[in-house]
file my_file04.cif (mmCIF, C-alpha atoms)
data_coords
#
loop_
_atom_site.label_atom_id
_atom_site.label_comp_id
_atom_site.auth_asym_id
_atom_site.auth_seq_id
_atom_site.Cartn_x
_atom_site.Cartn_y
_atom_site.Cartn_z
CA MET A 1 125.97 74.83 87.14
CA ASP A 2 123.73 76.22 84.44
CA THR A 3 122.39 79.76 84.72
CA MET A 4 118.81 80.93 85.00
CA ARG A 5 118.90 81.99 81.37
CA ASP A 6 120.21 78.55 80.38
CA ARG A 7 116.95 77.17 81.80
CA PHE A 8 114.74 79.73 80.10
CA ALA A 9 114.68 78.46 76.51
CA PRO A 10 114.34 74.73 77.34
CA VAL A 11 111.53 75.38 79.84
CA VAL A 12 109.57 77.68 77.55
CA SER A 13 110.18 75.37 74.59
CA ARG A 14 108.47 72.60 76.57
CA LEU A 15 105.62 74.97 77.39
CA LEU A 16 105.21 75.65 73.67
CA ASP A 17 104.73 71.92 73.18
CA GLU A 18 102.30 71.65 76.10
CA ASP A 19 100.11 74.72 75.64
CA PRO A 20 98.89 75.93 72.24
CA ARG A 21 98.31 79.43 73.68
CA VAL A 22 101.98 80.01 74.43
CA THR A 23 103.86 82.21 71.98
CA VAL A 24 107.46 83.45 72.21
CA VAL A 25 108.38 86.89 70.89
CA LEU A 26 112.07 87.80 70.60
CA ALA A 27 114.10 90.78 69.43
CA GLU A 28 117.18 88.94 68.12
CA ILE A 29 118.60 88.32 71.61
CA GLY A 30 118.07 84.70 72.65
CA LYS A 31 116.86 83.47 69.26
CA ASP A 32 119.43 80.65 69.04
CA GLY A 33 117.95 78.99 72.11
CA PHE A 34 114.62 78.65 70.31
CA ALA A 35 115.89 77.35 66.97
CA GLU A 36 114.45 73.86 67.45
CA ALA A 37 111.21 75.18 68.95
CA ARG A 38 110.81 77.46 65.96
CA ARG A 39 111.09 74.48 63.63
CA ARG A 40 108.32 72.75 65.57
CA HIS A 41 106.17 75.85 66.02
CA PRO A 42 107.04 78.33 63.26
CA ASP A 43 103.89 80.37 63.88
CA ARG A 44 104.50 80.69 67.64
CA VAL A 45 108.19 81.63 67.83
CA ILE A 46 108.47 85.14 66.41
CA ASN A 47 111.62 87.22 66.03
CA VAL A 48 110.85 90.88 65.34
CA GLY A 49 114.49 91.91 64.95
CA ILE A 50 116.09 94.75 66.90
CA ARG A 51 112.77 96.48 67.47
CA GLU A 52 112.00 96.43 71.18
CA GLN A 53 108.93 98.65 70.95
CA LEU A 54 107.53 96.25 68.36
CA LEU A 55 108.44 93.34 70.64
CA VAL A 56 106.02 94.60 73.27
CA GLY A 57 103.41 95.81 70.80
CA ALA A 58 103.36 92.48 68.96
CA GLY A 59 103.11 90.64 72.28
CA ALA A 60 100.15 92.77 73.31
CA GLY A 61 98.44 92.11 69.99
CA LEU A 62 98.90 88.39 70.43
CA ALA A 63 97.48 88.61 73.95
CA LEU A 64 94.39 90.37 72.65
CA THR A 65 93.77 87.40 70.32
CA GLY A 66 93.83 85.00 73.28
CA MET A 67 97.47 83.91 73.18
CA ARG A 68 99.85 83.83 76.16
CA PRO A 69 102.95 85.71 74.89
CA VAL A 70 106.38 85.34 76.47
CA LEU A 71 108.60 88.32 75.57
CA HIS A 72 112.37 88.15 76.08
CA THR A 73 115.40 90.38 75.81
CA PHE A 74 117.81 92.22 78.12
CA ALA A 75 116.14 94.14 80.95
CA SER A 76 117.18 97.55 79.64
CA PHE A 77 115.57 96.74 76.28
CA LEU A 78 112.50 95.01 77.73
CA VAL A 79 111.36 97.46 80.42
CA GLU A 80 113.18 100.75 79.90
CA ARG A 81 113.38 101.28 76.14
CA PRO A 82 109.78 100.25 75.30
CA PHE A 83 108.24 101.54 78.54
CA GLU A 84 105.52 103.45 76.69
CA GLN A 85 104.41 100.22 75.02
CA VAL A 86 104.52 98.36 78.36
CA LYS A 87 102.36 101.12 79.87
CA LEU A 88 99.87 101.46 77.01
CA ASP A 89 99.88 98.36 74.78
CA LEU A 90 99.76 96.03 77.77
CA GLY A 91 98.50 98.06 80.73
CA HIS A 92 96.03 100.45 79.12
CA GLN A 93 94.58 97.74 76.89
CA GLY A 94 94.31 95.23 79.73
CA ALA A 95 96.51 92.75 77.88
CA GLY A 96 98.59 90.20 79.75
CA ALA A 97 102.07 88.93 78.93
CA VAL A 98 105.12 87.36 80.53
CA LEU A 99 108.20 89.58 80.26
CA VAL A 100 111.41 87.62 80.89
CA SER A 101 114.57 89.67 81.15
CA ALA A 102 118.27 88.89 81.19
CA ALA A 103 121.33 90.96 82.20
CA ALA A 104 119.61 92.34 85.32
CA SER A 105 121.37 95.20 87.14
CA PHE A 106 125.00 94.64 86.16
CA ASP A 107 125.22 91.05 84.94
CA TRP A 108 127.21 92.00 81.85
CA PRO A 109 129.56 94.78 82.96
CA ALA A 110 131.45 94.79 79.65
CA GLY A 111 128.23 95.78 77.89
CA GLY A 112 128.27 99.12 79.67
CA TYR A 113 125.45 101.17 81.13
CA THR A 114 123.25 100.70 78.04
CA HIS A 115 122.96 97.04 79.06
CA MET A 116 122.24 97.62 82.75
CA ALA A 117 118.81 98.17 84.29
CA PRO A 118 118.90 98.52 88.08
CA GLY A 119 115.71 100.59 87.96
CA ASP A 120 113.50 98.06 86.15
CA VAL A 121 111.42 96.93 89.12
CA ALA A 122 111.04 100.50 90.38
CA LEU A 123 109.83 101.53 86.92
CA LEU A 124 107.23 98.77 86.83
CA ASP A 125 106.10 99.96 90.27
CA THR A 126 104.68 103.04 88.55
CA LEU A 127 102.17 100.78 86.79
CA ASP A 128 99.26 98.81 88.20
CA GLY A 129 98.79 95.09 88.44
CA TRP A 130 102.22 93.61 87.74
CA THR A 131 103.52 90.43 89.35
CA VAL A 132 107.32 90.46 89.70
CA HIS A 133 109.39 87.30 90.21
CA VAL A 134 113.10 87.54 91.12
CA PRO A 135 114.47 83.98 91.31
CA GLY A 136 117.73 83.35 93.11
CA HIS A 137 118.64 80.01 91.52
CA PRO A 138 118.01 78.25 88.16
CA ASP A 139 115.64 75.75 89.82
CA GLU A 140 113.59 78.64 91.18
CA ALA A 141 113.65 80.30 87.78
CA GLU A 142 112.11 77.21 86.21
CA THR A 143 109.38 77.08 88.85
CA LEU A 144 108.58 80.76 88.55
CA LEU A 145 108.58 80.69 84.75
CA ARG A 146 105.95 77.97 84.86
CA HIS A 147 103.92 79.95 87.39
CA ALA A 148 104.16 83.04 85.19
CA VAL A 149 103.01 81.36 81.99
CA ALA A 150 100.18 79.59 83.81
CA ALA A 151 98.95 82.83 85.41
CA GLY A 152 95.92 83.27 83.17
CA ASP A 153 96.17 86.63 81.44
CA ASP A 154 98.17 88.41 84.15
CA LYS A 155 101.04 90.81 83.52
CA VAL A 156 104.18 89.13 84.91
CA TYR A 157 107.83 90.14 84.94
CA VAL A 158 110.47 87.44 85.53
CA ARG A 159 113.91 88.90 86.27
CA LEU A 160 116.68 86.42 85.44
CA SER A 161 120.29 86.90 86.55
CA VAL A 162 123.68 85.26 86.15
CA GLN A 163 124.09 85.72 89.90
CA SER A 164 122.82 82.75 91.86
CA ASN A 165 122.59 81.30 95.33
CA THR A 166 124.22 77.94 95.99
CA ALA A 167 120.95 76.06 96.32
CA GLY A 168 117.39 76.60 95.21
CA LEU A 169 114.48 76.63 97.64
CA ALA A 170 110.87 75.50 97.30
CA VAL A 171 109.33 78.77 96.14
CA ASP A 172 105.62 79.03 95.33
CA GLY A 173 105.34 82.20 93.28
CA ALA A 174 103.60 84.13 96.03
CA HIS A 175 105.10 84.02 99.52
CA PHE A 176 108.30 84.90 101.35
CA LEU A 177 110.11 82.03 103.05
CA THR A 178 111.44 82.20 106.61
CA VAL A 179 115.05 81.05 106.37
CA ARG A 180 116.28 82.04 109.82
CA GLU A 181 114.53 83.25 112.98
CA GLY A 182 115.74 85.87 115.44
CA ARG A 183 114.48 88.49 117.88
CA SER A 184 116.29 91.71 117.00
CA GLY A 185 115.27 92.71 113.51
CA VAL A 186 114.13 91.38 110.15
CA VAL A 187 116.25 91.19 107.01
CA VAL A 188 114.46 90.53 103.71
CA ALA A 189 116.82 89.02 101.13
CA VAL A 190 115.60 89.12 97.54
CA GLY A 191 116.56 86.59 94.86
CA PRO A 192 120.27 85.99 94.24
CA LEU A 193 121.34 87.99 97.32
CA LEU A 194 120.23 85.36 99.84
CA ASP A 195 123.64 83.71 100.20
CA ALA A 196 125.33 87.06 100.81
CA VAL A 197 122.70 87.97 103.41
CA LEU A 198 123.05 84.65 105.22
CA ASP A 199 126.82 85.10 105.34
CA ALA A 200 126.43 88.68 106.49
CA THR A 201 124.01 87.84 109.30
CA GLU A 202 125.71 84.67 110.52
CA GLY A 203 125.50 84.68 114.33
CA LEU A 204 123.25 87.73 114.48
CA ASP A 205 119.93 87.54 116.29
CA VAL A 206 117.80 88.46 113.26
CA THR A 207 115.05 86.87 111.21
CA VAL A 208 115.87 86.39 107.53
CA LEU A 209 113.00 86.27 105.04
CA TYR A 210 113.62 85.19 101.46
CA GLY A 211 111.62 86.81 98.68
CA THR A 212 111.50 85.62 95.08
CA THR A 213 108.08 87.12 94.34
CA VAL A 214 108.28 90.78 95.34
CA ARG A 215 105.10 92.07 93.69
CA PRO A 216 102.64 91.61 95.17
CA PHE A 217 104.74 92.24 98.28
CA ASP A 218 104.13 89.62 100.99
CA ALA A 219 102.97 92.02 103.69
CA ALA A 220 101.55 89.23 105.84
CA ALA A 221 104.91 87.46 106.06
CA LEU A 222 106.66 90.69 107.05
CA ARG A 223 104.06 91.42 109.73
CA ARG A 224 104.40 87.93 111.19
CA ALA A 225 108.17 88.22 111.28
CA THR A 226 108.18 91.66 112.89
CA ALA A 227 105.70 90.53 115.55
CA ALA A 228 108.46 88.33 116.98
CA ALA A 229 111.64 90.10 115.84
CA GLY A 230 110.68 93.76 116.15
CA THR A 231 109.94 96.36 113.51
CA ASP A 232 113.46 97.24 112.37
CA VAL A 233 113.50 96.00 108.76
CA VAL A 234 116.37 95.77 106.29
CA LEU A 235 115.56 95.17 102.61
CA VAL A 236 118.41 93.72 100.52
CA GLU A 237 117.44 93.85 96.85
CA PRO A 238 119.48 93.16 93.67
CA TYR A 239 118.13 96.28 91.96
CA LEU A 240 117.72 99.95 92.91
CA ALA A 241 118.15 100.49 96.65
CA GLY A 242 114.87 101.23 98.41
CA THR A 243 112.63 99.87 95.66
CA SER A 244 110.43 97.99 98.16
CA ALA A 245 110.69 100.51 101.02
CA ALA A 246 107.22 101.90 100.35
CA ALA A 247 105.70 98.41 100.25
CA ALA A 248 107.35 97.50 103.55
CA GLY A 249 106.19 100.79 105.05
CA GLU A 250 102.61 100.11 103.97
CA ALA A 251 102.76 96.63 105.50
CA LEU A 252 103.74 98.19 108.85
CA ALA A 253 101.76 101.41 108.57
CA ASP A 254 99.93 100.93 111.88
CA VAL A 255 103.05 100.30 114.00
CA PRO A 256 106.21 102.34 114.62
CA HIS A 257 108.95 100.96 112.39
CA ARG A 258 112.23 101.68 110.63
CA VAL A 259 113.19 100.49 107.15
CA LEU A 260 116.66 100.43 105.59
CA GLY A 261 116.77 99.80 101.85
CA LEU A 262 119.99 98.29 100.52
CA GLY A 263 120.58 97.61 96.84
CA VAL A 264 122.14 99.08 93.74
CA GLY A 265 123.02 102.76 94.15
CA ARG A 266 122.00 105.50 91.75
CA ARG A 267 125.58 106.53 91.00
CA GLU A 268 126.76 105.11 87.68
CA LEU A 269 129.96 103.06 87.86
CA ARG A 270 131.93 103.96 84.76
CA ARG A 271 134.72 101.41 85.25
CA TYR A 272 132.76 98.32 84.49
CA GLY A 273 135.03 95.57 85.84
CA ARG A 274 133.43 92.31 86.97
CA VAL A 275 130.10 91.43 88.54
CA GLU A 276 131.78 90.83 91.91
CA GLU A 277 133.38 94.27 91.79
CA HIS A 278 130.03 95.90 91.09
CA ALA A 279 128.44 94.04 94.01
CA ALA A 280 131.19 95.24 96.34
CA ALA A 281 131.02 98.80 95.01
CA HIS A 282 127.30 98.91 95.75
CA GLY A 283 127.81 97.40 99.22
CA LEU A 284 126.11 94.13 98.37
CA ASP A 285 128.95 91.76 99.31
CA ALA A 286 128.70 89.93 102.65
CA ARG A 287 131.27 92.08 104.46
CA SER A 288 129.65 95.37 103.46
CA LEU A 289 126.16 94.05 104.20
CA ARG A 290 127.17 93.00 107.71
CA GLU A 291 128.61 96.44 108.43
CA ARG A 292 125.51 98.22 107.15
CA ILE A 293 123.03 95.89 108.84
CA THR A 294 124.72 96.01 112.26
CA ALA A 295 125.12 99.78 112.03
CA PHE A 296 121.39 100.14 111.37
CA LEU A 297 120.30 97.75 114.09
CA GLY A 298 122.81 99.15 116.58
CA SER A 299 125.43 97.38 118.63
CA ARG A 300 122.91 96.26 121.25
CA ARG A 301 120.38 94.90 118.75
CA ALA A 302 122.97 93.15 116.61
CA THR A 303 124.70 91.20 119.33
CA VAL A 304 125.90 87.76 118.37
CA ARG A 305 123.69 84.96 119.60
CA ALA A 306 125.14 82.71 122.26
#

call {"tool": "encode", "arguments": {"input": "my_file04.cif", "output": "structure tokens"}}
result
Amino acid sequence: MDTMRDRFAPVVSRLLDEDPRVTVVLAEIGKDGFAEARRRHPDRVINVGIREQLLVGAGAGLALTGMRPVLHTFASFLVERPFEQVKLDLGHQGAGAVLVSAAASFDWPAGGYTHMAPGDVALLDTLDGWTVHVPGHPDEAETLLRHAVAAGDDKVYVRLSVQSNTAGLAVDGAHFLTVREGRSGVVVAVGPLLDAVLDATEGLDVTVLYGTTVRPFDAAALRRATAAAGTDVVLVEPYLAGTSAAAAGEALADVPHRVLGLGVGRRELRRYGRVEEHAAAHGLDARSLRERITAFLGSRRATVRA
């Protein structure tokens, strides 16, 4: 199966053909995927070289002229390194762009910590007005990329990953999906962690919500789910643990509730290994998730359904 990033260049290349506003800005990474598109649209596929601050600044300038820029590189180079430009060139100037990342939290362990960005979504949470898509399958990535580019002049972050669920679902770029219904707690699985969550909660009397658009946070879906399943909520996110805890708390601010945030830990893993080893080390494999979810819900609440 192809990866989300395998879909990225072909989808955006088609959007270049379809929409004269679309412009792609690269910083070396990913340029080969746009070689043909650059031949067709030499003025709208721009490679600024290894200059990530310029990547964002150039994208903001294009947006101010009425273009719809799509900016792409690894997450650590797209959100963390040029954060000042994201904050000022885009946010302060009211310019919109689509930021599409690769590498995610630990997708390329051999690249080391310089190529990991588990705090990217939390960092964008310090800014106003961002939409954040976290697809869990290449089909969802294609859908959400199209939503992002078509979103007027909004600021949108699309977080691509090599990790993927077995099957894609019909996501709409706005709402959580109810994948399983129960009565003893709600588990929100984000993006590529859905399969692990479904395995971890097999037989448990819990509702599972699936989120691929996490900003804005679908407070209405969480409130509906907790009305039937109770207000114990577990968030399982493929980035920094607890990133959406405040959003979940705000959604349930008028009712007593508990929130457990599971995700990538703050401790740096210095033996890089494989993606699967990182997932296990952060407690994001199915076995670890089941232990942590049942411990939070309690033995009575997490009883296996008959």

call {"tool": "resolve_selection", "arguments": {"input": "my_file04.cif", "expression": "the PyMOL selection byres ((chain A and resi 37-47) around 10)", "output": "VMD selection string"}}
result
chain A and resid 9 to 10 12 to 14 16 to 17 20 to 36 48 to 51 55 58 to 59 62 67 69 to 71

call {"tool": "residues_around", "arguments": {"input": "my_file04.cif", "residues": "Ala110 of chain A", "least_positions_apart": "3", "cutoff": "8 Å", "atoms": "all atoms listed in the file", "output": "PyMOL selection string"}}
result
chain A and resi 272-274

call {"tool": "write_last_selection", "arguments": {"input": "my_file04.cif", "atoms": "C-alpha atoms", "output": "PDB file, keeping the file's coordinate frame"}}
result
ATOM      1  CA  TYR A 272     132.760  98.320  84.490  1.00  0.00           C
ATOM      2  CA  GLY A 273     135.030  95.570  85.840  1.00  0.00           C
ATOM      3  CA  ARG A 274     133.430  92.310  86.970  1.00  0.00           C
TER       4      ARG A 274
END

call {"tool": "atom_distance", "arguments": {"input": "my_file04.cif", "atom1": "atom CA of Leu198 of chain A", "atom2": "atom CA of His257 of chain A"}}
result
22.7 Å

call {"tool": "closest_residue", "arguments": {"input": "my_file04.cif", "among": "A:Gly185, A:Gly242, A:Gly136, A:Gly249", "to": "Ala219 of chain A", "atoms": "only C-alpha atoms"}}
result
A:Gly249

call {"tool": "atom_distance", "arguments": {"input": "my_file04.cif", "atom1": "atom CA of Ala196 of chain A", "atom2": "atom CA of Arg5 of chain A"}}
result
21.1 Å

call {"tool": "atom_distance", "arguments": {"input": "my_file04.cif", "atom1": "atom CA of Ser105 of chain A", "atom2": "atom CA of Arg270 of chain A"}}
result
13.9 Å

call {"tool": "resolve_selection", "arguments": {"input": "my_file04.cif", "expression": "the PyMOL selection byres ((chain A and resi 259) around 10)", "output": "list in words"}}
result
Val186, Val187, Thr231, Asp232, Val233, Val234, Leu235, Gly242, Ser244, Ala245, Ala246, Ala248, Gly249, Leu252, His257, Arg258, Leu260, Gly261, Leu262 and Phe296 of chain A

call {"tool": "resolve_selection", "arguments": {"input": "my_file04.cif", "expression": "the PyMOL selection byres ((chain A and resi 82) around 10)", "output": "list in words"}}
result
Arg51, Glu52, Gln53, Leu54, Leu55, Val56, Gly57, Ser76, Phe77, Leu78, Val79, Glu80, Arg81, Phe83, Glu84, Gln85, Val86 and Lys87 of chain A

call {"tool": "residues_around", "arguments": {"input": "my_file04.cif", "residues": "Ala97 of chain A", "least_positions_apart": "2", "cutoff": "8 Å", "atoms": "all atoms listed in the file", "output": "list in words"}}
result
Gly59, Ala60, Ala63, Arg68, Pro69, Val70, Leu71, Leu90, Ala95, Leu99, Asp153, Asp154, Lys155 and Val156 of chain A

call {"tool": "axis_aligned_box", "arguments": {"input": "my_file04.cif", "around": "segment 251-258 of chain A", "padding_each_side": "4 Å", "output": "JSON"}}
result
{"center_x": 106.1, "center_y": 99.5, "center_z": 110.1, "size_x": 20.3, "size_y": 13.7, "size_z": 17.1}
